>>> print(open('coords.cif').read())   # mmCIF, C-alpha atoms and all ligand atoms
data_coords
loop_
_atom_site.label_atom_id
_atom_site.label_comp_id
_atom_site.auth_asym_id
_atom_site.auth_seq_id
_atom_site.Cartn_x
_atom_site.Cartn_y
_atom_site.Cartn_z
CA MET A 1 -9.44 39.72 94.03
CA THR A 2 -10.34 41.30 90.74
CA GLY A 3 -9.85 45.06 91.10
CA PRO A 4 -12.68 47.59 90.49
CA ARG A 5 -11.61 48.80 87.04
CA GLN A 6 -11.25 45.21 85.83
CA SER A 7 -14.61 44.18 87.31
CA GLU A 8 -16.34 47.02 85.53
CA LEU A 9 -14.75 46.20 82.18
CA LEU A 10 -15.50 42.47 82.51
CA ALA A 11 -19.15 43.19 83.30
CA ARG A 12 -19.38 45.43 80.23
CA GLU A 13 -17.93 42.91 77.78
CA ALA A 14 -19.93 40.01 79.26
CA VAL A 15 -23.07 41.57 77.77
CA ARG A 16 -21.82 40.78 74.25
CA LEU A 17 -18.95 38.32 74.55
CA ALA A 18 -19.66 34.67 73.77
CA PRO A 19 -18.89 32.45 76.75
CA GLY A 20 -16.49 29.52 76.44
CA ALA A 21 -13.17 31.03 77.48
CA SER A 22 -10.56 28.83 79.13
CA GLU A 23 -11.14 27.79 82.72
CA GLU A 24 -8.16 29.85 83.84
CA SER A 25 -9.32 33.13 82.34
CA ALA A 26 -13.02 32.64 83.17
CA LEU A 27 -12.10 31.91 86.77
CA GLY A 28 -9.16 34.31 87.06
CA ARG A 29 -11.15 37.35 85.89
CA ARG A 30 -8.20 39.63 85.24
CA VAL A 31 -7.62 42.24 82.56
CA PHE A 32 -3.92 42.33 81.79
CA VAL A 33 -2.63 45.50 80.24
CA GLU A 34 1.09 44.96 80.09
CA GLY A 35 3.74 42.26 80.13
CA SER A 36 7.45 42.77 80.59
CA GLY A 37 9.82 39.83 80.96
CA SER A 38 8.23 37.44 83.45
CA VAL A 39 5.89 40.03 85.00
CA LEU A 40 2.33 40.99 84.05
CA THR A 41 0.41 44.08 85.18
CA ASP A 42 -3.37 44.30 85.37
CA LEU A 43 -5.71 47.23 84.78
CA ASP A 44 -5.83 48.09 88.47
CA GLY A 45 -2.03 48.16 88.66
CA ASP A 46 -1.42 44.82 90.41
CA GLN A 47 1.52 42.72 89.25
CA TYR A 48 1.94 38.97 88.74
CA ILE A 49 4.88 36.66 88.17
CA ASP A 50 3.85 34.77 85.05
CA LEU A 51 4.82 31.13 85.52
CA ALA A 52 2.50 30.19 82.65
CA ALA A 53 4.48 32.29 80.13
CA GLY A 54 1.40 33.52 78.27
CA THR A 55 -0.01 30.23 77.00
CA LEU A 56 3.39 28.55 77.31
CA THR A 57 4.31 30.81 74.42
CA GLN A 58 6.59 33.41 75.99
CA SER A 59 9.90 31.57 76.05
CA LEU A 60 11.64 34.95 76.07
CA GLY A 61 9.12 36.47 78.47
CA HIS A 62 6.68 39.19 77.48
CA CYS A 63 7.66 41.86 74.95
CA HIS A 64 11.30 40.88 74.51
CA PRO A 65 12.90 44.06 73.05
CA GLU A 66 14.48 42.26 70.08
CA VAL A 67 11.21 40.61 69.09
CA VAL A 68 9.33 43.90 69.55
CA ALA A 69 11.89 45.64 67.33
CA ALA A 70 11.69 42.96 64.63
CA LEU A 71 7.89 43.02 64.63
CA THR A 72 7.67 46.81 64.68
CA GLU A 73 10.08 47.09 61.80
CA GLN A 74 8.18 44.45 59.79
CA ALA A 75 4.82 46.05 60.68
CA GLY A 76 6.00 49.26 59.07
CA ARG A 77 7.05 47.50 55.88
CA LEU A 78 4.81 44.62 54.83
CA TRP A 79 1.99 42.51 56.30
CA ASN A 80 0.67 40.06 53.73
CA VAL A 81 1.59 39.06 50.20
CA HIS A 82 0.08 35.57 50.40
CA ASP A 83 2.97 33.12 50.64
CA PHE A 84 5.48 34.93 48.45
CA ALA A 85 9.04 34.80 49.75
CA THR A 86 10.04 37.64 52.06
CA ALA A 87 13.50 38.76 53.05
CA ASP A 88 13.53 36.80 56.34
CA ARG A 89 12.15 33.44 55.23
CA ALA A 90 15.38 31.91 53.89
CA GLU A 91 17.19 32.94 57.05
CA LEU A 92 14.48 31.42 59.24
CA CYS A 93 14.83 28.14 57.31
CA GLU A 94 18.60 28.17 57.87
CA LEU A 95 18.17 28.90 61.56
CA LEU A 96 15.73 26.02 61.95
CA ALA A 97 18.18 23.73 60.16
CA ARG A 98 20.79 24.60 62.80
CA LEU A 99 18.42 24.06 65.73
CA LEU A 100 16.56 20.93 64.62
CA PRO A 101 17.88 17.36 64.27
CA GLU A 102 19.53 16.79 60.92
CA GLN A 103 16.82 14.59 59.39
CA LEU A 104 14.25 17.41 59.76
CA ASP A 105 15.55 19.46 56.87
CA THR A 106 12.38 20.82 55.18
CA TYR A 107 9.93 23.38 56.63
CA GLY A 108 6.46 24.78 56.09
CA PHE A 109 5.05 27.79 57.95
CA PHE A 110 1.54 28.19 59.37
CA SER A 111 -0.31 30.18 62.04
CA THR A 112 -1.63 27.93 64.82
CA GLY A 113 -1.04 24.59 66.49
CA ALA A 114 -4.19 23.00 65.11
CA GLU A 115 -3.40 24.28 61.63
CA VAL A 116 0.06 22.75 61.61
CA VAL A 117 -1.30 19.44 62.96
CA GLU A 118 -3.76 19.43 60.05
CA ALA A 119 -0.90 20.12 57.63
CA ALA A 120 1.00 17.15 59.08
CA LEU A 121 -2.09 14.92 58.69
CA ARG A 122 -2.47 16.03 55.06
CA ALA A 123 1.18 15.19 54.34
CA VAL A 124 0.80 11.76 55.98
CA GLN A 125 -2.36 10.98 54.03
CA ALA A 126 -0.73 12.11 50.78
CA VAL A 127 2.33 9.88 51.06
CA ALA A 128 0.84 6.85 52.86
CA ASP A 129 0.88 3.55 51.01
CA PRO A 130 -2.52 2.39 49.72
CA GLY A 131 -4.48 0.65 52.45
CA ARG A 132 -2.77 2.55 55.25
CA ASN A 133 -5.81 4.72 55.92
CA ARG A 134 -5.77 4.92 59.71
CA ILE A 135 -3.76 7.03 62.12
CA GLY A 136 -2.60 6.11 65.61
CA ALA A 137 -2.92 8.43 68.60
CA LEU A 138 -2.41 8.19 72.34
CA ARG A 139 -5.00 8.49 75.06
CA HIS A 140 -4.39 11.81 76.88
CA GLY A 141 -2.90 13.42 73.81
CA PHE A 142 -4.18 16.85 72.80
CA HIS A 143 -3.71 18.14 69.28
CA GLY A 144 -6.12 21.04 68.78
CA LYS A 145 -9.75 21.73 67.99
CA THR A 146 -10.09 21.40 64.23
CA GLN A 147 -11.86 18.24 63.03
CA GLY A 148 -8.71 16.35 62.02
CA ALA A 149 -6.93 17.22 65.25
CA ARG A 150 -10.01 16.32 67.33
CA MET A 151 -10.11 12.94 65.64
CA LEU A 152 -6.87 12.20 67.50
CA VAL A 153 -8.22 13.13 70.93
CA HIS A 154 -9.56 10.19 72.90
CA TRP A 155 -10.22 11.46 76.40
CA ASP A 156 -12.58 13.77 78.08
CA ILE A 157 -11.13 17.25 77.70
CA GLY A 158 -14.41 19.12 77.37
CA ASN A 159 -15.69 19.73 73.86
CA GLN A 160 -12.54 18.74 71.99
CA ALA A 161 -12.90 14.97 71.73
CA HIS A 162 -14.38 13.63 68.51
CA ALA A 163 -12.94 10.14 68.12
CA GLY A 164 -13.01 9.30 64.44
CA ASN A 165 -10.89 7.11 62.27
CA SER A 166 -7.92 6.95 64.59
CA ILE A 167 -6.58 4.04 66.60
CA LEU A 168 -5.93 4.49 70.27
CA GLY A 169 -2.82 3.55 72.22
CA TYR A 170 -2.01 3.71 75.93
CA SER A 171 -0.15 6.79 77.11
CA PRO A 172 2.63 6.36 79.69
CA TYR A 173 0.53 7.76 82.56
CA CYS A 174 2.28 5.93 85.41
CA TYR A 175 0.45 7.82 88.17
CA ARG A 176 -2.87 6.53 86.83
CA CYS A 177 -1.75 3.42 85.02
CA PRO A 178 -4.68 2.11 82.95
CA LEU A 179 -3.27 -1.38 83.34
CA GLU A 180 -2.94 -0.97 87.11
CA LEU A 181 0.74 -1.85 87.01
CA GLU A 182 3.79 -0.25 88.64
CA TYR A 183 6.94 0.94 86.94
CA PRO A 184 9.49 -0.71 86.53
CA SER A 185 8.01 -4.16 87.26
CA CYS A 186 5.39 -3.44 84.55
CA GLY A 187 8.09 -3.80 81.88
CA VAL A 188 6.48 -0.74 80.24
CA ARG A 189 3.55 -2.87 79.11
CA CYS A 190 1.69 0.21 77.81
CA ALA A 191 4.41 0.56 75.15
CA SER A 192 4.11 -3.07 74.07
CA LEU A 193 0.36 -2.56 73.63
CA VAL A 194 0.93 0.56 71.52
CA ARG A 195 3.32 -1.52 69.46
CA ARG A 196 0.80 -4.26 68.96
CA HIS A 197 -2.24 -2.06 68.32
CA ILE A 198 -0.67 0.64 66.24
CA THR A 199 2.77 0.07 64.93
CA GLU A 200 2.26 -3.57 63.93
CA LYS A 201 -1.05 -3.00 62.13
CA SER A 202 -0.72 -2.90 58.38
CA ASN A 203 -3.46 -0.27 57.95
CA VAL A 204 -1.86 2.46 60.09
CA SER A 205 0.12 5.16 58.29
CA ALA A 206 1.40 7.19 61.24
CA LEU A 207 1.42 7.61 64.97
CA VAL A 208 0.75 11.20 66.06
CA PHE A 209 2.04 11.77 69.57
CA GLU A 210 3.16 14.30 72.12
CA PRO A 211 6.54 13.05 73.42
CA VAL A 212 5.58 14.58 76.78
CA LEU A 213 1.80 14.90 77.07
CA GLY A 214 1.21 18.54 77.97
CA ALA A 215 -2.51 19.28 78.28
CA ALA A 216 -3.12 16.08 80.24
CA GLY A 217 -0.81 17.34 82.97
CA VAL A 218 2.77 16.97 81.75
CA ILE A 219 2.93 13.21 81.52
CA VAL A 220 6.58 12.25 81.19
CA PRO A 221 7.14 8.75 79.81
CA PRO A 222 9.35 6.31 81.70
CA PRO A 223 12.58 5.03 80.14
CA GLY A 224 11.83 2.40 77.53
CA TYR A 225 8.46 3.71 76.38
CA TRP A 226 9.51 5.67 73.30
CA GLU A 227 12.42 3.38 72.50
CA GLN A 228 10.09 0.40 72.09
CA ILE A 229 7.46 2.29 70.12
CA ALA A 230 9.84 4.19 67.84
CA ASP A 231 11.79 1.05 66.87
CA SER A 232 8.66 -0.87 66.11
CA ALA A 233 7.16 1.99 64.09
CA ARG A 234 10.31 2.21 62.02
CA GLN A 235 10.34 -1.53 61.32
CA ASN A 236 6.67 -1.55 60.35
CA GLY A 237 6.59 1.47 58.06
CA VAL A 238 4.55 3.65 60.44
CA MET A 239 5.54 7.31 60.25
CA LEU A 240 6.25 9.13 63.49
CA VAL A 241 4.59 12.53 63.75
CA ALA A 242 5.66 14.39 66.89
CA ASP A 243 3.24 17.05 68.02
CA GLU A 244 5.69 19.41 69.71
CA VAL A 245 3.38 22.39 69.51
CA LEU A 246 3.83 22.77 73.26
CA THR A 247 7.19 21.10 73.95
CA GLY A 248 9.14 22.29 70.88
CA GLY A 249 11.55 25.22 70.96
CA GLY A 250 13.52 24.19 74.04
CA ARG A 251 10.90 23.98 76.78
CA THR A 252 11.94 20.54 78.03
CA GLY A 253 15.69 21.21 77.90
CA THR A 254 16.40 20.16 74.31
CA PHE A 255 15.08 21.93 71.23
CA LEU A 256 12.67 19.03 70.71
CA ALA A 257 11.41 16.84 73.54
CA SER A 258 11.75 13.93 71.08
CA GLU A 259 15.52 14.34 71.34
CA ARG A 260 15.37 13.60 75.09
CA PHE A 261 13.87 10.22 74.29
CA GLY A 262 15.98 9.34 71.26
CA VAL A 263 12.95 9.48 68.94
CA GLN A 264 13.64 10.60 65.38
CA PRO A 265 10.29 11.77 64.01
CA ASP A 266 9.47 12.01 60.32
CA LEU A 267 7.37 15.13 60.89
CA VAL A 268 7.23 17.59 63.76
CA ALA A 269 4.60 20.25 64.51
CA LEU A 270 5.87 23.28 66.45
CA SER A 271 4.13 26.45 67.52
CA LYS A 272 4.04 27.87 71.03
CA GLY A 273 7.79 28.32 71.47
CA MET A 274 8.39 29.67 67.98
CA ALA A 275 7.42 33.33 67.82
CA SER A 276 6.97 34.73 71.35
CA GLY A 277 3.18 34.54 71.27
CA PHE A 278 2.68 35.85 67.73
CA PRO A 279 0.44 33.33 65.87
CA PHE A 280 2.97 31.14 64.10
CA ALA A 281 3.66 27.46 63.54
CA VAL A 282 6.24 25.33 61.81
CA LEU A 283 5.93 21.95 60.16
CA ALA A 284 9.39 20.39 60.02
CA GLY A 285 9.90 17.16 58.16
CA ARG A 286 12.11 14.79 56.32
CA ALA A 287 12.57 15.76 52.68
CA GLU A 288 11.26 12.30 51.63
CA VAL A 289 7.88 13.24 53.11
CA LEU A 290 7.49 16.97 52.49
CA ARG A 291 9.11 16.91 49.03
CA HIS A 292 7.27 13.75 47.99
CA PRO A 293 5.40 14.57 44.75
CA ARG A 294 2.06 13.62 46.33
CA ALA A 295 2.62 15.92 49.34
CA ALA A 296 4.21 18.81 47.51
CA GLY A 297 1.48 19.77 45.02
CA ALA A 298 0.75 23.45 44.40
CA GLY A 299 -1.07 24.95 47.36
CA SER A 300 -0.43 22.11 49.78
CA THR A 301 1.22 24.46 52.30
CA ALA A 302 -0.67 27.63 51.34
CA SER A 303 -3.40 29.47 53.25
CA THR A 304 -4.34 33.10 53.93
CA TYR A 305 -1.97 33.56 56.86
CA ALA A 306 0.57 30.79 56.21
CA ASN A 307 4.06 32.26 55.73
CA ASN A 308 2.90 35.57 57.11
CA PRO A 309 5.81 38.06 57.11
CA LEU A 310 5.06 39.26 60.65
CA GLY A 311 5.12 35.70 62.02
CA ILE A 312 8.33 34.97 60.18
CA ALA A 313 9.96 38.12 61.57
CA ALA A 314 8.84 37.26 65.13
CA ALA A 315 10.03 33.65 64.80
CA LYS A 316 13.39 34.64 63.38
CA ALA A 317 14.00 37.13 66.20
CA THR A 318 12.81 34.68 68.87
CA LEU A 319 14.90 31.75 67.71
CA GLN A 320 17.97 33.92 67.17
CA VAL A 321 17.82 34.97 70.83
CA VAL A 322 17.20 31.38 72.00
CA ALA A 323 20.30 30.24 70.08
CA ARG A 324 22.60 33.22 70.75
CA ASP A 325 21.88 33.39 74.50
CA THR A 326 22.07 29.57 74.90
CA LEU A 327 18.71 29.74 76.63
CA ILE A 328 18.10 25.99 76.45
CA GLU A 329 20.93 25.62 78.98
CA ASN A 330 18.98 27.99 81.26
CA VAL A 331 15.98 25.71 80.83
CA ARG A 332 17.99 22.76 82.13
CA THR A 333 19.52 24.67 85.07
CA LEU A 334 16.32 26.43 86.13
CA GLY A 335 14.35 23.26 85.42
CA ALA A 336 16.46 21.38 87.99
CA LEU A 337 15.74 24.13 90.53
CA LEU A 338 12.01 24.00 89.77
CA ASP A 339 12.07 20.23 90.14
CA ASP A 340 13.72 20.47 93.59
CA ARG A 341 11.40 23.16 94.88
CA LEU A 342 8.28 21.34 93.68
CA ALA A 343 9.49 18.12 95.32
CA GLU A 344 9.73 20.09 98.59
CA LEU A 345 6.16 21.34 98.13
CA LYS A 346 4.99 17.80 97.42
CA SER A 347 6.56 16.57 100.67
CA ARG A 348 4.68 19.33 102.58
CA PHE A 349 1.24 19.12 101.02
CA GLU A 350 -0.84 15.94 100.89
CA VAL A 351 -3.10 17.44 98.23
CA LEU A 352 -0.25 17.20 95.74
CA GLY A 353 -0.68 13.65 94.52
CA ASP A 354 1.99 13.86 91.86
CA VAL A 355 4.45 16.46 90.67
CA ARG A 356 6.40 15.81 87.50
CA GLY A 357 8.07 17.52 84.61
CA LEU A 358 11.03 18.07 82.39
CA GLY A 359 12.99 21.29 81.96
CA LEU A 360 10.72 24.30 82.45
CA LEU A 361 7.50 22.35 82.04
CA HIS A 362 5.95 20.88 85.18
CA GLY A 363 2.54 19.60 86.19
CA LEU A 364 1.01 19.40 89.67
CA GLU A 365 -1.76 16.90 90.10
CA PHE A 366 -4.22 17.68 92.92
CA VAL A 367 -5.97 14.82 94.73
CA ARG A 368 -8.51 14.46 97.55
CA SER A 369 -6.17 11.98 99.24
CA ARG A 370 -2.88 10.37 98.34
CA GLU A 371 -4.44 6.98 98.97
CA SER A 372 -7.50 7.29 96.73
CA ARG A 373 -5.74 9.50 94.15
CA GLU A 374 -9.18 10.91 93.42
CA PRO A 375 -8.75 14.05 91.27
CA ALA A 376 -9.50 17.28 93.17
CA PRO A 377 -10.30 20.03 90.66
CA GLU A 378 -11.86 22.15 93.42
CA ILE A 379 -8.51 22.24 95.27
CA ALA A 380 -6.59 23.03 92.07
CA ARG A 381 -9.01 25.90 91.38
CA ALA A 382 -8.71 27.25 94.93
CA VAL A 383 -4.90 27.14 94.79
CA TYR A 384 -4.90 28.77 91.35
CA LEU A 385 -7.09 31.64 92.62
CA ALA A 386 -5.19 32.06 95.89
CA ALA A 387 -1.93 32.24 93.89
CA LEU A 388 -3.40 34.83 91.55
CA ASP A 389 -4.49 36.97 94.48
CA LEU A 390 -0.94 36.73 95.86
CA GLY A 391 0.54 37.85 92.52
CA LEU A 392 1.35 34.57 90.76
CA ARG A 393 -0.08 33.37 87.47
CA THR A 394 -0.09 29.62 86.72
CA SER A 395 -1.89 27.50 84.13
CA LEU A 396 -5.02 25.69 85.30
CA GLY A 397 -6.89 22.79 83.68
CA GLY A 398 -9.17 20.46 85.66
CA HIS A 399 -7.27 19.06 88.65
CA ILE A 400 -3.90 20.05 87.18
CA ILE A 401 -1.83 23.19 87.55
CA ARG A 402 1.02 23.57 85.09
CA LEU A 403 4.09 25.71 85.51
CA ALA A 404 6.05 26.79 82.46
CA PRO A 405 8.15 29.88 83.20
CA PRO A 406 9.91 31.93 80.52
CA PHE A 407 13.44 30.65 79.78
CA THR A 408 14.72 34.11 80.66
CA ILE A 409 13.25 34.25 84.16
CA ASP A 410 15.54 35.50 86.85
CA ARG A 411 16.41 32.78 89.37
CA ALA A 412 15.28 34.93 92.32
CA LEU A 413 11.94 35.63 90.64
CA LEU A 414 11.40 31.92 90.02
CA GLU A 415 12.12 31.23 93.70
CA GLU A 416 9.68 34.01 94.65
CA GLY A 417 7.01 32.52 92.38
CA ILE A 418 7.38 29.08 93.93
CA ALA A 419 7.28 30.61 97.41
CA LEU A 420 3.97 32.29 96.46
CA LEU A 421 2.65 28.95 95.28
CA GLY A 422 3.64 27.49 98.66
CA ARG A 423 1.71 30.29 100.42
CA ALA A 424 -1.32 29.66 98.22
CA LEU A 425 -1.17 25.96 99.13
CA GLU A 426 -0.93 26.87 102.83
CA GLN A 427 -3.94 29.18 102.62
CA VAL A 428 -6.09 26.59 100.84
CA THR A 429 -5.13 23.60 102.95
CA GLU A 430 -5.46 25.53 106.22
CA ALA A 431 -8.86 26.86 105.14
CA GLY A 432 -9.94 23.28 104.43
CA ARG A 433 -9.04 22.01 107.91
C1 LIG B 501 0.36 19.55 71.84
C2 LIG B 501 -0.61 20.52 71.25
N1 LIG B 501 -0.98 20.38 69.98
C3 LIG B 501 -1.83 21.24 69.38
C4 LIG B 501 -2.37 22.30 70.09
C5 LIG B 501 -3.33 23.23 69.41
O1 LIG B 501 -2.74 24.48 69.24
P1 LIG B 501 -3.67 25.77 68.94
O2 LIG B 501 -4.39 26.08 70.17
O3 LIG B 501 -2.66 26.82 68.56
O4 LIG B 501 -4.54 25.41 67.79
C6 LIG B 501 -2.00 22.48 71.43
C7 LIG B 501 -2.57 23.60 72.20
O5 LIG B 501 -2.41 23.73 73.36
C8 LIG B 501 -1.11 21.57 72.03
O6 LIG B 501 -0.75 21.69 73.32
#
>>> encode(input="coords.cif", output="structure tokens")
Amino acid sequence: MTGPRQSELLAREAVRLAPGASEESALGRRVFVEGSGSVLTDLDGDQYIDLAAGTLTQSLGHCHPEVVAALTEQAGRLWNVHDFATADRAELCELLARLLPEQLDTYGFFSTGAEVVEAALRAVQAVADPGRNRIGALRHGFHGKTQGARMLVHWDIGNQAHAGNSILGYSPYCYRCPLELEYPSCGVRCASLVRRHITEKSNVSALVFEPVLGAAGVIVPPPGYWEQIADSARQNGVMLVADEVLTGGGRTGTFLASERFGVQPDLVALSKGMASGFPFAVLAGRAEVLRHPRAAGAGSTASTYANNPLGIAAAKATLQVVARDTLIENVRTLGALLDDRLAELKSRFEVLGDVRGLGLLHGLEFVRSRESREPAPEIARAVYLAALDLGLRTSLGGHIIRLAPPFTIDRALLEEGIALLGRALEQVTEAGR
């Protein structure tokens, strides 16, 4: 239940505040006043284990002391000098070069996921051969809400879709296979159709993809999917643009999710895992693309907040801790635990149609019955709210709940969070009997 002080404040702001907030905050109705590690506190003093890590941004948890120190120090020195070099930028570039695959050796810095996706689209359009004027995207991909990013969104995710000049390919959504096939007897037919429709067309310059599709409910491709598509793209001169805004930075157990699938992208967009929730994004690319004379003209990476010194300081501090404390190993170890515990929940609760994930990124798909697989957003909402009342924050969207804990979460706290989710599921399913 939303406490009295929060209720009063929410009523006050509702008089003036434009509606349209995310489903999870509109429904959750909480006013958070503090975050420390994996725990949030609300205005009435109640605490929550945050298994959504902010907006999947808090890889180091909330207010990591080293990031706070770096930001505080920078805030006292310098906030904005357009995109002039600052003392930390060279070091951030060197750090990224150590963390990213070798071919991604050139970097541009921006503020948001959508902004970096747009920057990637601009680079693609600048270097594409004449006649290659279309871009491939996958159904169930999400890339942001600016016009270019929306052009790549081909499914009903509220007001974001705006299919434009992009070509659609099948995503590897085995639980709801659009071809009504079963893995592995399907022979990963969805990938052969992407190959045919996108990578073998002479007018397509690039395929923009999420290696693991996050917003659609953590869709993890089966073996063979990316191998087939990546090889074909390479042979047919189609650039690979990985949107790792959500997965990048270690969340799936490697710095890039693309690495898990052996995909070597030409460009990668990163954001959420970069700067501990401070608005910041990175475009990483091959030098042939980002240093190409047509992509590298004056101003091509500039904007008011691009290269912001505060973002750079927060990113440098965040990534230094990720590297120094070998946190991506934690992601793999804790991810295996999360996987086991969620499999147990799935065996207990029929409303969990599918549970899947990689590393510390998991999706729970709620259904009315296992047989019909009919999506059950009302059950997902009820579980989300019951969990919140018990002191657990998750990430809700439609009939999906996502779990993405901080990489630094204590094992016992993660166990406690999953136990609370189990209790929420019990409450909702017993109430429905
Ligand atoms: C894969 C992916 N790309 C792009 C975006 C857009 O990022 P932003 O909301 O920072 O514009 C998101 C946001 O969730 C995302 O998950």
>>> closest_residue(input="coords.cif", among="A:Asn203, A:Ser185, A:Ser276, A:Ser36", to="Ile312 in chain A", atoms="all atoms listed in the file")
A:Ser276
>>> residues_around(input="coords.cif", residues="Val68 in chain A", least_positions_apart="2", cutoff="12 Å", atoms="only C-alpha atoms", output="PyMOL selection string")
chain A and resi 36+60-66+70-75+275-278+310-311+313-318
>>> residues_near_ligand(input="coords.cif", ligand="ligand LIG 501 (chain B)", cutoff="8 Å", atoms="only C-alpha atoms and all ligand atoms", output="MDAnalysis selection string")
chainID A and resid 55 111:115 117 141:146 149 210 213:215 243:247 269 271:272 279
>>> closest_residue(input="coords.cif", among="A:Ala284, A:Ala120, A:Ala216, A:Ala230", to="Cys93 in chain A", atoms="all atoms listed in the file")
A:Ala284
>>> closest_residue(input="coords.cif", among="A:Arg89, A:His154, A:Arg423, A:Arg381", to="Val282 in chain A", atoms="all atoms listed in the file")
A:Arg89
>>> closest_residue(input="coords.cif", among="A:Leu403, A:Met151, A:Leu17, A:Ala387", to="Gly335 in chain A", atoms="only C-alpha atoms")
A:Leu403
>>> atom_distance(input="coords.cif", atom1="CA of Leu345 in chain A", atom2="CA of Glu371 in chain A")
17.9 Å
>>> closest_residue(input="coords.cif", among="A:Leu92, A:Ala14, A:Leu342, A:Val351", to="Arg373 in chain A", atoms="all atoms listed in the file")
A:Val351
>>> closest_residue(input="coords.cif", among="A:Leu414, A:Ala97, A:Phe349, A:Tyr305", to="Phe84 in chain A", atoms="all atoms listed in the file")
A:Tyr305
>>> residues_around(input="coords.cif", residues="Ile135 in chain A", least_positions_apart="3", cutoff="12 Å", atoms="all atoms listed in the file", output="PyMOL selection string")
chain A and resi 120-122+124-125+128+131-132+138+148-149+151-153+163-169+197-199+201-209+238-241
>>> axis_aligned_box(input="coords.cif", around="range 252-263 of chain A", padding_each_side="3 Å", output="lines of an AutoDock Vina configuration file")
center_x = 13.9
center_y = 15.6
center_z = 73.5
size_x = 11.0
size_y = 18.6
size_z = 15.1
>>> residues_around(input="coords.cif", residues="range 1-8 of chain A", least_positions_apart="3", cutoff="12 Å", atoms="all atoms listed in the file", output="number ranges by chain")
A: 11-15, 25-33, 41-47, 385-391
>>> residues_near_point(input="coords.cif", point="(11.6, 27.6, 54.7)", cutoff="12 Å", atoms="all atoms listed in the file", output="MDAnalysis selection string")
chainID A and resid 83:97 104:110 281:285 290 301 306:307 312 315:316
>>> atom_distance(input="coords.cif", atom1="CA of Thr304 in chain A", atom2="CA of Trp79 in chain A")
11.6 Å
>>> residues_around(input="coords.cif", residues="Gly224 in chain A", least_positions_apart="2", cutoff="9 Å", atoms="all atoms listed in the file", output="number ranges by chain")
A: 187-188, 191, 221-222, 226-229, 261
>>> atom_distance(input="coords.cif", atom1="CA of Val220 in chain A", atom2="CA of Gly357 in chain A")
6.5 Å
>>> build_atoms(input="coords.cif", residues="range 390-399 of chain A", atoms="N, CA, C and O atoms", output="PDB file, keeping the file's coordinate frame")
ATOM      1  N   LEU A 390      -2.247  36.409  95.249  1.00  0.00           N
ATOM      2  CA  LEU A 390      -0.940  36.730  95.860  1.00  0.00           C
ATOM      3  C   LEU A 390       0.036  37.311  94.843  1.00  0.00           C
ATOM      4  O   LEU A 390       1.143  37.715  95.183  1.00  0.00           O
ATOM      5  N   GLY A 391      -0.350  37.281  93.547  1.00  0.00           N
ATOM      6  CA  GLY A 391       0.540  37.850  92.520  1.00  0.00           C
ATOM      7  C   GLY A 391       1.303  36.799  91.733  1.00  0.00           C
ATOM      8  O   GLY A 391       2.423  37.059  91.283  1.00  0.00           O
ATOM      9  N   LEU A 392       0.702  35.620  91.541  1.00  0.00           N
ATOM     10  CA  LEU A 392       1.350  34.570  90.760  1.00  0.00           C
ATOM     11  C   LEU A 392       0.369  34.007  89.747  1.00  0.00           C
ATOM     12  O   LEU A 392      -0.744  33.606  90.100  1.00  0.00           O
ATOM     13  N   ARG A 393       0.784  33.964  88.487  1.00  0.00           N
ATOM     14  CA  ARG A 393      -0.080  33.370  87.470  1.00  0.00           C
ATOM     15  C   ARG A 393       0.465  31.988  87.111  1.00  0.00           C
ATOM     16  O   ARG A 393       1.660  31.822  86.842  1.00  0.00           O
ATOM     17  N   THR A 394      -0.437  30.980  87.121  1.00  0.00           N
ATOM     18  CA  THR A 394      -0.090  29.620  86.720  1.00  0.00           C
ATOM     19  C   THR A 394      -1.078  29.200  85.637  1.00  0.00           C
ATOM     20  O   THR A 394      -1.955  29.971  85.265  1.00  0.00           O
ATOM     21  N   SER A 395      -0.966  27.973  85.175  1.00  0.00           N
ATOM     22  CA  SER A 395      -1.890  27.500  84.130  1.00  0.00           C
ATOM     23  C   SER A 395      -2.765  26.388  84.707  1.00  0.00           C
ATOM     24  O   SER A 395      -2.251  25.381  85.189  1.00  0.00           O
ATOM     25  N   LEU A 396      -4.077  26.619  84.665  1.00  0.00           N
ATOM     26  CA  LEU A 396      -5.020  25.690  85.300  1.00  0.00           C
ATOM     27  C   LEU A 396      -5.798  24.901  84.258  1.00  0.00           C
ATOM     28  O   LEU A 396      -6.225  25.451  83.242  1.00  0.00           O
ATOM     29  N   GLY A 397      -6.011  23.607  84.516  1.00  0.00           N
ATOM     30  CA  GLY A 397      -6.890  22.790  83.680  1.00  0.00           C
ATOM     31  C   GLY A 397      -7.366  21.597  84.485  1.00  0.00           C
ATOM     32  O   GLY A 397      -6.574  20.725  84.839  1.00  0.00           O
ATOM     33  N   GLY A 398      -8.654  21.572  84.855  1.00  0.00           N
ATOM     34  CA  GLY A 398      -9.170  20.460  85.660  1.00  0.00           C
ATOM     35  C   GLY A 398      -8.467  20.383  87.005  1.00  0.00           C
ATOM     36  O   GLY A 398      -8.356  21.381  87.717  1.00  0.00           O
ATOM     37  N   HIS A 399      -7.926  19.199  87.339  1.00  0.00           N
ATOM     38  CA  HIS A 399      -7.270  19.060  88.650  1.00  0.00           C
ATOM     39  C   HIS A 399      -5.749  19.251  88.541  1.00  0.00           C
ATOM     40  O   HIS A 399      -5.006  18.857  89.438  1.00  0.00           O
TER      41      HIS A 399
END
